[in-house]
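Containing PDB, C-alpha atoms, pLDDT in the B column: entry.pdb.
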ATOM      1  CA  MET F   1      88.658 101.437  68.358  1.00 87.00           C
ATOM      2  CA  LYS F   2      92.387 102.077  68.415  1.00 88.00           C
ATOM      3  CA  PRO F   3      94.718  99.419  69.820  1.00 90.00           C
ATOM      4  CA  LEU F   4      96.634 100.147  73.010  1.00 88.00           C
ATOM      5  CA  LEU F   5     100.133 101.500  72.726  1.00 91.00           C
ATOM      6  CA  PRO F   6     102.849  99.032  73.761  1.00 87.00           C
ATOM      7  CA  SER F   7     103.758 101.215  76.734  1.00 88.00           C
ATOM      8  CA  LEU F   8     100.190 100.942  78.072  1.00 88.00           C
ATOM      9  CA  ARG F   9      99.788  97.168  77.656  1.00 86.00           C
ATOM     10  CA  GLU F  10      99.865  94.789  80.577  1.00 87.00           C
ATOM     11  CA  ARG F  11     103.288  93.177  80.912  1.00 92.00           C
ATOM     12  CA  LYS F  12     103.169  89.486  81.619  1.00 95.00           C
ATOM     13  CA  ARG F  13     105.527  86.883  83.006  1.00 96.00           C
ATOM     14  CA  TYR F  14     105.396  83.121  82.742  1.00 97.00           C
ATOM     15  CA  LEU F  15     105.952  81.376  86.052  1.00 97.00           C
ATOM     16  CA  VAL F  16     106.961  77.690  85.951  1.00 96.00           C
ATOM     17  CA  TYR F  17     105.989  75.614  88.989  1.00 96.00           C
ATOM     18  CA  GLU F  18     106.773  72.063  90.071  1.00 96.00           C
ATOM     19  CA  ILE F  19     104.559  69.861  92.242  1.00 95.00           C
ATOM     20  CA  ILE F  20     106.336  67.478  94.604  1.00 95.00           C
ATOM     21  CA  SER F  21     104.061  64.803  96.051  1.00 93.00           C
ATOM     22  CA  ASN F  22     104.075  61.192  97.214  1.00 91.00           C
ATOM     23  CA  GLY F  23     101.950  60.010  94.301  1.00 90.00           C
ATOM     24  CA  PRO F  24     101.485  61.316  90.774  1.00 91.00           C
ATOM     25  CA  ILE F  25      98.963  64.095  90.187  1.00 89.00           C
ATOM     26  CA  GLN F  26      97.654  63.598  86.659  1.00 86.00           C
ATOM     27  CA  ASP F  27      94.451  65.652  86.684  1.00 89.00           C
ATOM     28  CA  THR F  28      95.110  69.218  85.546  1.00 91.00           C
ATOM     29  CA  LYS F  29      91.580  70.319  86.474  1.00 93.00           C
ATOM     30  CA  THR F  30      92.192  69.426  90.132  1.00 93.00           C
ATOM     31  CA  VAL F  31      95.480  71.340  90.142  1.00 93.00           C
ATOM     32  CA  SER F  32      93.831  74.343  88.506  1.00 94.00           C
ATOM     33  CA  LYS F  33      90.905  74.315  90.938  1.00 95.00           C
ATOM     34  CA  THR F  34      93.252  74.100  93.944  1.00 94.00           C
ATOM     35  CA  PHE F  35      95.395  76.964  92.643  1.00 95.00           C
ATOM     36  CA  TRP F  36      92.371  79.191  91.975  1.00 96.00           C
ATOM     37  CA  SER F  37      90.945  78.623  95.444  1.00 95.00           C
ATOM     38  CA  ALA F  38      94.325  79.477  96.989  1.00 95.00           C
ATOM     39  CA  PHE F  39      94.657  82.612  94.841  1.00 95.00           C
ATOM     40  CA  ASN F  40      91.160  83.761  95.834  1.00 95.00           C
ATOM     41  CA  ARG F  41      91.894  83.159  99.514  1.00 94.00           C
ATOM     42  CA  TYR F  42      95.176  85.077  99.448  1.00 93.00           C
ATOM     43  CA  LEU F  43      94.598  87.845  96.881  1.00 93.00           C
ATOM     44  CA  GLY F  44      90.811  88.079  96.750  1.00 93.00           C
ATOM     45  CA  GLU F  45      88.792  88.520  93.588  1.00 94.00           C
ATOM     46  CA  LEU F  46      90.049  92.037  92.926  1.00 95.00           C
ATOM     47  CA  GLY F  47      93.674  90.992  93.323  1.00 93.00           C
ATOM     48  CA  CYS F  48      93.177  88.004  91.030  1.00 92.00           C
ATOM     49  CA  SER F  49      91.691  90.194  88.331  1.00 94.00           C
ATOM     50  CA  GLN F  50      94.482  92.766  88.652  1.00 94.00           C
ATOM     51  CA  ALA F  51      97.124  90.022  88.538  1.00 94.00           C
ATOM     52  CA  GLY F  52      95.725  88.684  85.260  1.00 93.00           C
ATOM     53  CA  ILE F  53      96.334  85.087  86.303  1.00 95.00           C
ATOM     54  CA  MET F  54      95.962  82.413  83.655  1.00 96.00           C
ATOM     55  CA  ILE F  55      96.827  78.799  84.469  1.00 95.00           C
ATOM     56  CA  LEU F  56      97.930  77.189  81.213  1.00 94.00           C
ATOM     57  CA  GLU F  57      96.514  73.689  81.656  1.00 92.00           C
ATOM     58  CA  ASP F  58      97.686  72.460  78.253  1.00 92.00           C
ATOM     59  CA  LYS F  59     101.330  73.173  79.207  1.00 92.00           C
ATOM     60  CA  TYR F  60     101.233  70.880  82.270  1.00 92.00           C
ATOM     61  CA  ASN F  61     103.834  68.096  81.978  1.00 91.00           C
ATOM     62  CA  LYS F  62     102.520  65.014  83.764  1.00 89.00           C
ATOM     63  CA  GLN F  63     105.866  63.194  83.865  1.00 90.00           C
ATOM     64  CA  ASN F  64     107.812  65.758  85.905  1.00 91.00           C
ATOM     65  CA  GLN F  65     104.651  67.510  87.229  1.00 92.00           C
ATOM     66  CA  ARG F  66     105.595  70.965  85.985  1.00 94.00           C
ATOM     67  CA  GLY F  67     103.291  73.614  84.598  1.00 95.00           C
ATOM     68  CA  VAL F  68     103.051  77.276  83.608  1.00 96.00           C
ATOM     69  CA  ILE F  69     101.073  80.204  85.013  1.00 97.00           C
ATOM     70  CA  ARG F  70     100.825  83.539  83.185  1.00 97.00           C
ATOM     71  CA  VAL F  71     100.730  86.529  85.535  1.00 97.00           C
ATOM     72  CA  ASN F  72     101.168  90.309  85.523  1.00 96.00           C
ATOM     73  CA  ASN F  73     104.769  91.339  86.213  1.00 95.00           C
ATOM     74  CA  LYS F  74     103.791  93.319  89.333  1.00 95.00           C
ATOM     75  CA  PHE F  75     102.203  90.275  91.000  1.00 95.00           C
ATOM     76  CA  VAL F  76     104.924  87.656  90.428  1.00 96.00           C
ATOM     77  CA  ASP F  77     106.197  87.772  94.022  1.00 96.00           C
ATOM     78  CA  LYS F  78     102.692  87.491  95.473  1.00 95.00           C
ATOM     79  CA  ILE F  79     101.914  84.464  93.302  1.00 96.00           C
ATOM     80  CA  ILE F  80     105.195  82.770  94.285  1.00 96.00           C
ATOM     81  CA  ALA F  81     104.360  83.307  97.961  1.00 96.00           C
ATOM     82  CA  ASN F  82     100.848  82.004  97.383  1.00 95.00           C
ATOM     83  CA  LEU F  83     102.092  78.832  95.665  1.00 94.00           C
ATOM     84  CA  ALA F  84     104.354  78.141  98.645  1.00 95.00           C
ATOM     85  CA  LEU F  85     101.283  78.105 100.920  1.00 94.00           C
ATOM     86  CA  ILE F  86      99.593  75.247  99.031  1.00 94.00           C
ATOM     87  CA  ASP F  87     100.131  71.998 100.922  1.00 92.00           C
ATOM     88  CA  ASN F  88      97.332  69.706  99.771  1.00 92.00           C
ATOM     89  CA  ILE F  89      96.168  68.785  96.256  1.00 91.00           C
ATOM     90  CA  ASP F  90      93.567  66.055  95.762  1.00 88.00           C
ATOM     91  CA  ASN F  91      93.992  64.833  99.375  1.00 89.00           C
ATOM     92  CA  GLN F  92      97.745  64.332  98.897  1.00 91.00           C
ATOM     93  CA  LYS F  93     100.426  66.194 100.820  1.00 94.00           C
ATOM     94  CA  THR F  94     102.250  68.351  98.299  1.00 95.00           C
ATOM     95  CA  ILE F  95     104.895  71.017  97.977  1.00 95.00           C
ATOM     96  CA  VAL F  96     104.658  73.515  95.121  1.00 95.00           C
ATOM     97  CA  ASN F  97     108.050  74.935  94.147  1.00 95.00           C
ATOM     98  CA  THR F  98     108.666  77.769  91.721  1.00 96.00           C
ATOM     99  CA  VAL F  99     111.211  76.630  89.151  1.00 95.00           C
ATOM    100  CA  GLY F 100     111.643  79.928  87.325  1.00 96.00           C
ATOM    101  CA  VAL F 101     110.136  83.036  85.771  1.00 97.00           C
ATOM    102  CA  SER F 102     110.451  84.034  82.133  1.00 96.00           C
ATOM    103  CA  GLY F 103     109.234  86.812  79.874  1.00 95.00           C
ATOM    104  CA  THR F 104     108.225  84.523  77.010  1.00 95.00           C
ATOM    105  CA  LEU F 105     106.394  81.224  76.945  1.00 94.00           C
ATOM    106  CA  LYS F 106     108.905  79.675  74.542  1.00 94.00           C
ATOM    107  CA  LYS F 107     111.841  80.339  76.867  1.00 94.00           C
ATOM    108  CA  ALA F 108     109.873  79.167  79.905  1.00 93.00           C
ATOM    109  CA  GLN F 109     109.117  75.860  78.206  1.00 92.00           C
ATOM    110  CA  GLY F 110     112.599  75.353  76.797  1.00 92.00           C
ATOM    111  CA  LYS F 111     114.520  76.334  79.900  1.00 93.00           C
ATOM    112  CA  TYR F 112     112.401  75.023  82.772  1.00 92.00           C
ATOM    113  CA  ILE F 113     109.863  72.433  81.632  1.00 88.00           C
ATOM    114  CA  ALA F 114     112.073  70.419  79.280  1.00 80.00           C
ATOM    115  CA  ALA F 115     114.905  70.277  81.840  1.00 65.00           C
TER     116      ALA F 115
END

Starting from the file, give its structure as structure tokens.
Amino acid sequence: MKPLLPSLRERKRYLVYEIISNGPIQDTKTVSKTFWSAFNRYLGELGCSQAGIMILEDKYNKQNQRGVIRVNNKFVDKIIANLALIDNIDNQKTIVNTVGVSGTLKKAQGKYIAA
């Protein structure tokens, strides 16, 4: 099987989010589960599969509560709007802010997570 040409590949963006809450949220599985349920509610299963969403749990920084989501470049705005609708994680009132969007994971980590 021949590999896809670069012009036909799915373009991806790395979206860095920040969770603001009263108490610390240390469990990445809870965050991931909450995000997936919100994405399914807003986009549906077809939209989630087209968006190519991947929550990178190993990139979650527990000190400043920032993490990375990989998404298709055409769905970045929909994912940002969806993250703004999340108001409760693990029975804590939360606000999920989008810190920035980058084309590479290295720049997303260096520019937004380390800051």

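Distances here use all atoms listed in the file; by that measure, the residue among F:Ile55, F:Ile89, F:Leu83, F:Ile69 closest to F:Ile25 is F:Ile89.
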
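Applied to the shown file, the PyMOL selection byres ((chain F and resi 81) around 12) selects the residues Tyr17, Ala38, Phe39, Tyr42, Leu43, Phe75, Val76, Asp77, Lys78, Ile79, Ile80, Asn82, Leu83, Ala84, Leu85, Ile86, Val96, Asn97 and Thr98 of chain F.
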
> Expressed in Å to a single decimal, how great is the separation between atom CA of F:Ile19 and atom CA of F:Asn61?
Replying inline: 10.4 Å

> F:Gly52: which residues within 10 Å, counting all atoms listed in the file, same-chain residues fewer than 6 positions away excluded, as a PyMOL selection string?
Replying inline: chain F and resi 10-12+70-73+75

Limited to C-alpha atoms, could you put the picked residues into a file as a PDB file, in the frame of the given file?
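For reference, again_30.pdb as written:
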ATOM      1  CA  GLU F  10      99.865  94.789  80.577  1.00 87.00           C
ATOM      2  CA  ARG F  11     103.288  93.177  80.912  1.00 92.00           C
ATOM      3  CA  LYS F  12     103.169  89.486  81.619  1.00 95.00           C
ATOM      4  CA  ARG F  70     100.825  83.539  83.185  1.00 97.00           C
ATOM      5  CA  VAL F  71     100.730  86.529  85.535  1.00 97.00           C
ATOM      6  CA  ASN F  72     101.168  90.309  85.523  1.00 96.00           C
ATOM      7  CA  ASN F  73     104.769  91.339  86.213  1.00 95.00           C
ATOM      8  CA  PHE F  75     102.203  90.275  91.000  1.00 95.00           C
TER       9      PHE F  75
END

>> One number please: atom CA of F:Ser37 to atom CA of F:Gly67, in Å, one decimal.
In response: 17.2 Å

>> as a ChimeraX atom specification, please: the residues near F:Lys107 (cut-off 12 Å, all atoms listed in the file, same-chain neighbours under 5 positions excluded).
In response: /F:13-16,68,100-102,112-115

> Excluding same-chain residues fewer than 6 positions from F:Lys29, what lies within 12 Å of it counting only C-alpha atoms, as a count of residues only?
Replying inline: 9

>> Could you tell me, as a PyMOL selection string, exactly which residues end up selected when the PyMOL selection byres ((chain F and resi 24) around 9) is applied to this structure?
In response: chain F and resi 20-23+25-26+62-63+65
